[in-house]
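A short write-up of the structure that comes next.
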Amino acid sequence: MTHALRLVSGWHRPLVVFSAVLTGLAVFSAAGMLIDERTLDGASVWLKPFKFALSFMVYSLTLAWLLPMLGRTPELARKTGSVIVGLSTVGVGLITVQAARGRHSHFNISTPQDAAVFGVMGTLVTVLAVVTTVVAVLALRQQTGDRVTTAGLRFGLLVCLLGMMVAYYMVGGTGRAEAAAAG
């Protein structure tokens, strides 16, 4: 345990703590899948919070490691990481609350409360994509290690941004109509 703490000691602390919280949420959600028999569309209500906890844990740990490497703009990198923690906490939190309620978190406008949750999540996706774009631009503007590491980080950030754009497409545009037609 002390080796792990030494390893992350120079990383962005709020993102590291958030990753630890997400690990706890993944364990909680996994237990929920075993204990809670409720389902949505044939899957456990706890599957979505489980998947989001894992994916945001990896995203957060990666950024926690990357942001301190952005030496030209350390204060902006630090603030950006903290904004990502705030946005992600609200987003994953809403997904978890909807799971606990036995409700869909995405594409659900069946009640005013569900529509509000979905609307907030759509806004969060947009802002998170913009903030991640800022991180990508900061990383593009400087060398973050050897050439191979720098190229890998830049490629990874590009893939991350493309993935977020797909999510934005699904929430904000034609994807909503396609999801409604499919489901």
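As shown in the structure tokens, the chain order sets the letters A, B, ...; within each chain, residues go from 1, and ligands are also counted from 1 in the order they appear.
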
Can you check which parts of range 70-139 of chain A lie within 12 Å of range 13-33 of chain A? Per residue, the shortest pair of atoms and distance in Å to one decimal, counting only C-alpha atoms, sorted by chain and number, as a tab-separated table.
```
residue	atom	partner	partner_atom	distance
A:Ala77	CA	A:Leu15	CA	11.8
A:Arg78	CA	A:Pro14	CA	9.2
A:Lys79	CA	A:Pro14	CA	10.2
A:Thr80	CA	A:Leu15	CA	10.5
A:Gly81	CA	A:Leu15	CA	6.7
A:Ser82	CA	A:Pro14	CA	6.4
A:Val83	CA	A:Pro14	CA	9.8
A:Ile84	CA	A:Leu15	CA	8.1
A:Val85	CA	A:Leu15	CA	6.2
A:Gly86	CA	A:Phe18	CA	9.4
A:Leu87	CA	A:Phe18	CA	11.4
A:Ser88	CA	A:Phe18	CA	9.0
A:Thr89	CA	A:Phe18	CA	8.0
A:Val90	CA	A:Phe18	CA	11.8
A:Val92	CA	A:Leu22	CA	8.9
A:Gly93	CA	A:Leu25	CA	9.8
A:Ile95	CA	A:Ser29	CA	11.4
A:Thr96	CA	A:Ser29	CA	8.7
A:Val97	CA	A:Ser29	CA	11.6
A:Ala99	CA	A:Ser29	CA	9.5
A:Ala100	CA	A:Gly32	CA	9.4
A:Gly102	CA	A:Gly32	CA	11.9
```

Go ahead and write the selection's residues with N, CA, C and O atoms as a PDB file, in the first residue's frame.
```
ATOM      1  N   ALA A  77      -3.499  23.328 -15.468  1.00  0.00           N
ATOM      2  CA  ALA A  77      -3.666  21.874 -15.428  1.00  0.00           C
ATOM      3  C   ALA A  77      -4.311  21.448 -14.116  1.00  0.00           C
ATOM      4  O   ALA A  77      -5.217  20.611 -14.089  1.00  0.00           O
ATOM      5  N   ARG A  78      -3.859  22.023 -12.994  1.00  0.00           N
ATOM      6  CA  ARG A  78      -4.418  21.680 -11.685  1.00  0.00           C
ATOM      7  C   ARG A  78      -5.897  22.051 -11.609  1.00  0.00           C
ATOM      8  O   ARG A  78      -6.728  21.252 -11.181  1.00  0.00           O
ATOM      9  N   LYS A  79      -6.224  23.250 -12.049  1.00  0.00           N
ATOM     10  CA  LYS A  79      -7.629  23.697 -12.005  1.00  0.00           C
ATOM     11  C   LYS A  79      -8.501  22.861 -12.938  1.00  0.00           C
ATOM     12  O   LYS A  79      -9.636  22.525 -12.600  1.00  0.00           O
ATOM     13  N   THR A  80      -7.976  22.522 -14.089  1.00  0.00           N
ATOM     14  CA  THR A  80      -8.715  21.699 -15.045  1.00  0.00           C
ATOM     15  C   THR A  80      -9.045  20.337 -14.432  1.00  0.00           C
ATOM     16  O   THR A  80     -10.166  19.850 -14.540  1.00  0.00           O
ATOM     17  N   GLY A  81      -8.075  19.742 -13.765  1.00  0.00           N
ATOM     18  CA  GLY A  81      -8.313  18.463 -13.102  1.00  0.00           C
ATOM     19  C   GLY A  81      -9.396  18.559 -12.042  1.00  0.00           C
ATOM     20  O   GLY A  81     -10.258  17.678 -11.920  1.00  0.00           O
ATOM     21  N   SER A  82      -9.382  19.636 -11.283  1.00  0.00           N
ATOM     22  CA  SER A  82     -10.399  19.819 -10.247  1.00  0.00           C
ATOM     23  C   SER A  82     -11.783  20.022 -10.847  1.00  0.00           C
ATOM     24  O   SER A  82     -12.781  19.524 -10.310  1.00  0.00           O
ATOM     25  N   VAL A  83     -11.860  20.735 -11.958  1.00  0.00           N
ATOM     26  CA  VAL A  83     -13.150  20.900 -12.650  1.00  0.00           C
ATOM     27  C   VAL A  83     -13.651  19.543 -13.140  1.00  0.00           C
ATOM     28  O   VAL A  83     -14.843  19.225 -13.020  1.00  0.00           O
ATOM     29  N   ILE A  84     -12.761  18.728 -13.667  1.00  0.00           N
ATOM     30  CA  ILE A  84     -13.145  17.397 -14.140  1.00  0.00           C
ATOM     31  C   ILE A  84     -13.688  16.555 -12.991  1.00  0.00           C
ATOM     32  O   ILE A  84     -14.692  15.851 -13.152  1.00  0.00           O
ATOM     33  N   VAL A  85     -13.070  16.654 -11.819  1.00  0.00           N
ATOM     34  CA  VAL A  85     -13.582  15.921 -10.650  1.00  0.00           C
ATOM     35  C   VAL A  85     -15.001  16.376 -10.327  1.00  0.00           C
ATOM     36  O   VAL A  85     -15.897  15.554 -10.098  1.00  0.00           O
ATOM     37  N   GLY A  86     -15.229  17.675 -10.312  1.00  0.00           N
ATOM     38  CA  GLY A  86     -16.556  18.194  -9.993  1.00  0.00           C
ATOM     39  C   GLY A  86     -17.620  17.749 -10.991  1.00  0.00           C
ATOM     40  O   GLY A  86     -18.688  17.253 -10.605  1.00  0.00           O
ATOM     41  N   LEU A  87     -17.323  17.912 -12.270  1.00  0.00           N
ATOM     42  CA  LEU A  87     -18.273  17.515 -13.318  1.00  0.00           C
ATOM     43  C   LEU A  87     -18.557  16.015 -13.272  1.00  0.00           C
ATOM     44  O   LEU A  87     -19.707  15.583 -13.364  1.00  0.00           O
ATOM     45  N   SER A  88     -17.494  15.242 -13.125  1.00  0.00           N
ATOM     46  CA  SER A  88     -17.641  13.785 -13.139  1.00  0.00           C
ATOM     47  C   SER A  88     -18.381  13.287 -11.903  1.00  0.00           C
ATOM     48  O   SER A  88     -19.152  12.325 -11.980  1.00  0.00           O
ATOM     49  N   THR A  89     -18.164  13.926 -10.771  1.00  0.00           N
ATOM     50  CA  THR A  89     -18.873  13.552  -9.547  1.00  0.00           C
ATOM     51  C   THR A  89     -20.372  13.725  -9.734  1.00  0.00           C
ATOM     52  O   THR A  89     -21.163  12.839  -9.377  1.00  0.00           O
ATOM     53  N   VAL A  90     -20.763  14.840 -10.304  1.00  0.00           N
ATOM     54  CA  VAL A  90     -22.190  15.082 -10.531  1.00  0.00           C
ATOM     55  C   VAL A  90     -22.743  14.065 -11.534  1.00  0.00           C
ATOM     56  O   VAL A  90     -23.801  13.462 -11.313  1.00  0.00           O
ATOM     57  N   VAL A  92     -21.608  10.966 -12.574  1.00  0.00           N
ATOM     58  CA  VAL A  92     -21.667   9.591 -12.072  1.00  0.00           C
ATOM     59  C   VAL A  92     -22.649   9.511 -10.906  1.00  0.00           C
ATOM     60  O   VAL A  92     -23.359   8.511 -10.748  1.00  0.00           O
ATOM     61  N   GLY A  93     -22.716  10.571 -10.118  1.00  0.00           N
ATOM     62  CA  GLY A  93     -23.684  10.609  -9.022  1.00  0.00           C
ATOM     63  C   GLY A  93     -25.119  10.520  -9.520  1.00  0.00           C
ATOM     64  O   GLY A  93     -25.944   9.779  -8.960  1.00  0.00           O
ATOM     65  N   ILE A  95     -26.154   9.209 -12.337  1.00  0.00           N
ATOM     66  CA  ILE A  95     -26.355   7.851 -12.867  1.00  0.00           C
ATOM     67  C   ILE A  95     -26.639   6.886 -11.716  1.00  0.00           C
ATOM     68  O   ILE A  95     -27.537   6.041 -11.801  1.00  0.00           O
ATOM     69  N   THR A  96     -25.911   7.043 -10.628  1.00  0.00           N
ATOM     70  CA  THR A  96     -26.093   6.164  -9.470  1.00  0.00           C
ATOM     71  C   THR A  96     -27.435   6.402  -8.790  1.00  0.00           C
ATOM     72  O   THR A  96     -28.122   5.447  -8.406  1.00  0.00           O
ATOM     73  N   VAL A  97     -27.830   7.658  -8.659  1.00  0.00           N
ATOM     74  CA  VAL A  97     -29.133   7.971  -8.058  1.00  0.00           C
ATOM     75  C   VAL A  97     -30.256   7.386  -8.903  1.00  0.00           C
ATOM     76  O   VAL A  97     -31.201   6.779  -8.370  1.00  0.00           O
ATOM     77  N   ALA A  99     -30.086   4.801 -10.815  1.00  0.00           N
ATOM     78  CA  ALA A  99     -30.049   3.344 -10.625  1.00  0.00           C
ATOM     79  C   ALA A  99     -30.744   2.975  -9.322  1.00  0.00           C
ATOM     80  O   ALA A  99     -31.545   2.033  -9.274  1.00  0.00           O
ATOM     81  N   ALA A 100     -30.435   3.703  -8.266  1.00  0.00           N
ATOM     82  CA  ALA A 100     -31.055   3.423  -6.969  1.00  0.00           C
ATOM     83  C   ALA A 100     -32.575   3.593  -7.043  1.00  0.00           C
ATOM     84  O   ALA A 100     -33.315   2.860  -6.379  1.00  0.00           O
ATOM     85  N   GLY A 102     -34.224   2.922  -9.658  1.00  0.00           N
ATOM     86  CA  GLY A 102     -34.732   1.961 -10.635  1.00  0.00           C
ATOM     87  C   GLY A 102     -35.183   2.617 -11.919  1.00  0.00           C
ATOM     88  O   GLY A 102     -36.086   2.129 -12.597  1.00  0.00           O
TER      89      GLY A 102
END
```

Can you tell me, as an mmCIF file with N, CA and C atoms, in the first residue's frame, what residues are no more than 12 Å from range 69-71 of chain A when counting only C-alpha atoms, ignoring any on the same chain fewer than 3 positions away?
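The result, written out as selection.cif:
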```cif
data_model
loop_
_atom_site.group_PDB
_atom_site.id
_atom_site.type_symbol
_atom_site.label_atom_id
_atom_site.label_comp_id
_atom_site.auth_asym_id
_atom_site.auth_seq_id
_atom_site.Cartn_x
_atom_site.Cartn_y
_atom_site.Cartn_z
ATOM 1 N N GLY A 10 2.920 12.381 -6.522
ATOM 2 C CA GLY A 10 3.057 13.591 -7.327
ATOM 3 C C GLY A 10 1.913 13.811 -8.310
ATOM 4 N N TRP A 11 0.952 12.919 -8.294
ATOM 5 C CA TRP A 11 -0.177 13.019 -9.218
ATOM 6 C C TRP A 11 -1.201 14.038 -8.705
ATOM 7 N N HIS A 12 -2.136 14.381 -9.554
ATOM 8 C CA HIS A 12 -3.206 15.325 -9.202
ATOM 9 C C HIS A 12 -4.077 14.686 -8.114
ATOM 10 N N THR A 62 -5.730 8.283 -15.270
ATOM 11 C CA THR A 62 -4.883 8.690 -16.395
ATOM 12 C C THR A 62 -4.614 10.185 -16.349
ATOM 13 N N LEU A 63 -5.656 10.963 -16.115
ATOM 14 C CA LEU A 63 -5.469 12.415 -16.028
ATOM 15 C C LEU A 63 -4.671 12.804 -14.789
ATOM 16 N N ALA A 64 -4.873 12.096 -13.677
ATOM 17 C CA ALA A 64 -4.112 12.380 -12.456
ATOM 18 C C ALA A 64 -2.616 12.214 -12.715
ATOM 19 N N TRP A 65 -2.271 11.238 -13.530
ATOM 20 C CA TRP A 65 -0.881 10.985 -13.896
ATOM 21 C C TRP A 65 -0.384 12.016 -14.908
ATOM 22 N N LEU A 66 -1.239 12.368 -15.886
ATOM 23 C CA LEU A 66 -0.842 13.245 -16.982
ATOM 24 C C LEU A 66 -0.709 14.710 -16.570
ATOM 25 N N PRO A 74 1.139 24.645 -15.125
ATOM 26 C CA PRO A 74 0.760 23.798 -13.988
ATOM 27 C C PRO A 74 -0.525 24.255 -13.289
ATOM 28 N N GLU A 75 -0.718 25.538 -13.151
ATOM 29 C CA GLU A 75 -1.921 26.022 -12.455
ATOM 30 C C GLU A 75 -3.176 25.721 -13.269
ATOM 31 N N LEU A 76 -3.124 25.943 -14.577
ATOM 32 C CA LEU A 76 -4.279 25.628 -15.430
ATOM 33 C C LEU A 76 -4.545 24.124 -15.421
ATOM 34 N N ALA A 77 -3.499 23.328 -15.468
ATOM 35 C CA ALA A 77 -3.666 21.874 -15.428
ATOM 36 C C ALA A 77 -4.311 21.448 -14.116
ATOM 37 N N ARG A 78 -3.859 22.023 -12.994
ATOM 38 C CA ARG A 78 -4.418 21.680 -11.685
ATOM 39 C C ARG A 78 -5.897 22.051 -11.609
ATOM 40 N N THR A 80 -7.976 22.522 -14.089
ATOM 41 C CA THR A 80 -8.715 21.699 -15.045
ATOM 42 C C THR A 80 -9.045 20.337 -14.432
ATOM 43 N N GLY A 81 -8.075 19.742 -13.765
ATOM 44 C CA GLY A 81 -8.313 18.463 -13.102
ATOM 45 C C GLY A 81 -9.396 18.559 -12.042
ATOM 46 N N VAL A 134 -9.342 21.129 -23.531
ATOM 47 C CA VAL A 134 -8.312 22.014 -22.978
ATOM 48 C C VAL A 134 -7.084 21.197 -22.573
ATOM 49 N N VAL A 135 -7.312 20.069 -21.897
ATOM 50 C CA VAL A 135 -6.197 19.196 -21.507
ATOM 51 C C VAL A 135 -5.449 18.716 -22.749
ATOM 52 N N ALA A 136 -6.200 18.317 -23.771
ATOM 53 C CA ALA A 136 -5.574 17.821 -25.002
ATOM 54 C C ALA A 136 -4.728 18.914 -25.657
ATOM 55 N N VAL A 137 -5.244 20.123 -25.702
ATOM 56 C CA VAL A 137 -4.493 21.232 -26.306
ATOM 57 C C VAL A 137 -3.228 21.512 -25.491
ATOM 58 N N LEU A 138 -3.353 21.498 -24.165
ATOM 59 C CA LEU A 138 -2.170 21.697 -23.324
ATOM 60 C C LEU A 138 -1.123 20.609 -23.580
ATOM 61 N N ALA A 139 -1.586 19.375 -23.706
ATOM 62 C CA ALA A 139 -0.663 18.256 -23.958
ATOM 63 C C ALA A 139 -0.041 18.346 -25.349
ATOM 64 N N LEU A 140 -0.797 18.837 -26.318
ATOM 65 C CA LEU A 140 -0.265 18.969 -27.679
ATOM 66 C C LEU A 140 0.821 20.037 -27.762
ATOM 67 N N ARG A 141 0.751 21.017 -26.884
ATOM 68 C CA ARG A 141 1.658 22.151 -26.953
ATOM 69 C C ARG A 141 2.990 21.914 -26.254
ATOM 70 N N GLN A 142 3.165 20.741 -25.650
ATOM 71 C CA GLN A 142 4.433 20.500 -24.967
ATOM 72 C C GLN A 142 4.821 19.032 -24.997
ATOM 73 N N GLN A 143 6.093 18.820 -24.829
ATOM 74 C CA GLN A 143 6.635 17.464 -24.753
ATOM 75 C C GLN A 143 6.350 16.944 -23.346
ATOM 76 N N THR A 144 5.755 15.737 -23.244
ATOM 77 C CA THR A 144 5.404 15.185 -21.932
ATOM 78 C C THR A 144 6.204 13.919 -21.627
ATOM 79 N N GLY A 145 7.410 13.867 -22.098
ATOM 80 C CA GLY A 145 8.267 12.693 -21.902
ATOM 81 C C GLY A 145 9.031 12.448 -23.189
ATOM 82 N N ASP A 146 9.401 11.211 -23.434
ATOM 83 C CA ASP A 146 10.076 10.895 -24.687
ATOM 84 C C ASP A 146 9.075 10.977 -25.837
ATOM 85 N N THR A 149 6.186 8.320 -25.749
ATOM 86 C CA THR A 149 5.187 8.614 -24.708
ATOM 87 C C THR A 149 4.326 9.789 -25.112
ATOM 88 N N THR A 150 4.961 10.847 -25.613
ATOM 89 C CA THR A 150 4.208 12.022 -26.042
ATOM 90 C C THR A 150 3.225 11.658 -27.155
ATOM 91 N N LEU A 153 0.335 9.609 -25.671
ATOM 92 C CA LEU A 153 -0.593 10.449 -24.913
ATOM 93 C C LEU A 153 -1.478 11.267 -25.842
#
```

Can you check which residues of range 15-180 of chain A DSSP gives as strand (DSSP E or B) on the backbone and send them as a ChimeraX atom specification?
/A:39-40,43-44

Those residues with N, CA, C and O atoms, as a PDB file, in the first residue's frame please?
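Output file out14.pdb is given in full below:
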```pdb
ATOM      1  N   THR A  39     -34.255  -4.934 -12.481  1.00  0.00           N
ATOM      2  CA  THR A  39     -33.617  -4.821 -13.794  1.00  0.00           C
ATOM      3  C   THR A  39     -34.247  -3.681 -14.593  1.00  0.00           C
ATOM      4  O   THR A  39     -35.378  -3.274 -14.332  1.00  0.00           O
ATOM      5  N   LEU A  40     -33.508  -3.211 -15.551  1.00  0.00           N
ATOM      6  CA  LEU A  40     -33.973  -2.272 -16.571  1.00  0.00           C
ATOM      7  C   LEU A  40     -33.527  -2.839 -17.907  1.00  0.00           C
ATOM      8  O   LEU A  40     -32.333  -3.109 -18.096  1.00  0.00           O
ATOM      9  N   ALA A  43     -31.220  -5.910 -17.744  1.00  0.00           N
ATOM     10  CA  ALA A  43     -29.927  -5.855 -17.049  1.00  0.00           C
ATOM     11  C   ALA A  43     -30.134  -5.271 -15.656  1.00  0.00           C
ATOM     12  O   ALA A  43     -31.065  -4.491 -15.424  1.00  0.00           O
ATOM     13  N   SER A  44     -29.251  -5.624 -14.746  1.00  0.00           N
ATOM     14  CA  SER A  44     -29.316  -5.095 -13.388  1.00  0.00           C
ATOM     15  C   SER A  44     -29.319  -3.570 -13.408  1.00  0.00           C
ATOM     16  O   SER A  44     -28.605  -2.947 -14.213  1.00  0.00           O
TER      17      SER A  44
END
```

As an exercise, work out the distance from CA of Arg6 in chain A to CA of Val131 in chain A in Å and give it to one decimal place.
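Taking CA of Arg6 in chain A as the start and CA of Val131 in chain A as the end point, the length is 28.0 Å.
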
One-decimal distance in Å that lies between CA of Arg101 in chain A and CA of Gly42 in chain A
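That distance, rounded to one decimal, is 16.1 Å.
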
Tell me which protein, DNA and RNA residues are within 9 Å of Gln98 in chain A, counting only C-alpha atoms, leaving out same-chain ones fewer than 5 positions away, and put them as JSON, numbers by chain.
{"A": [45, 93, 103, 104, 105, 114, 117]}
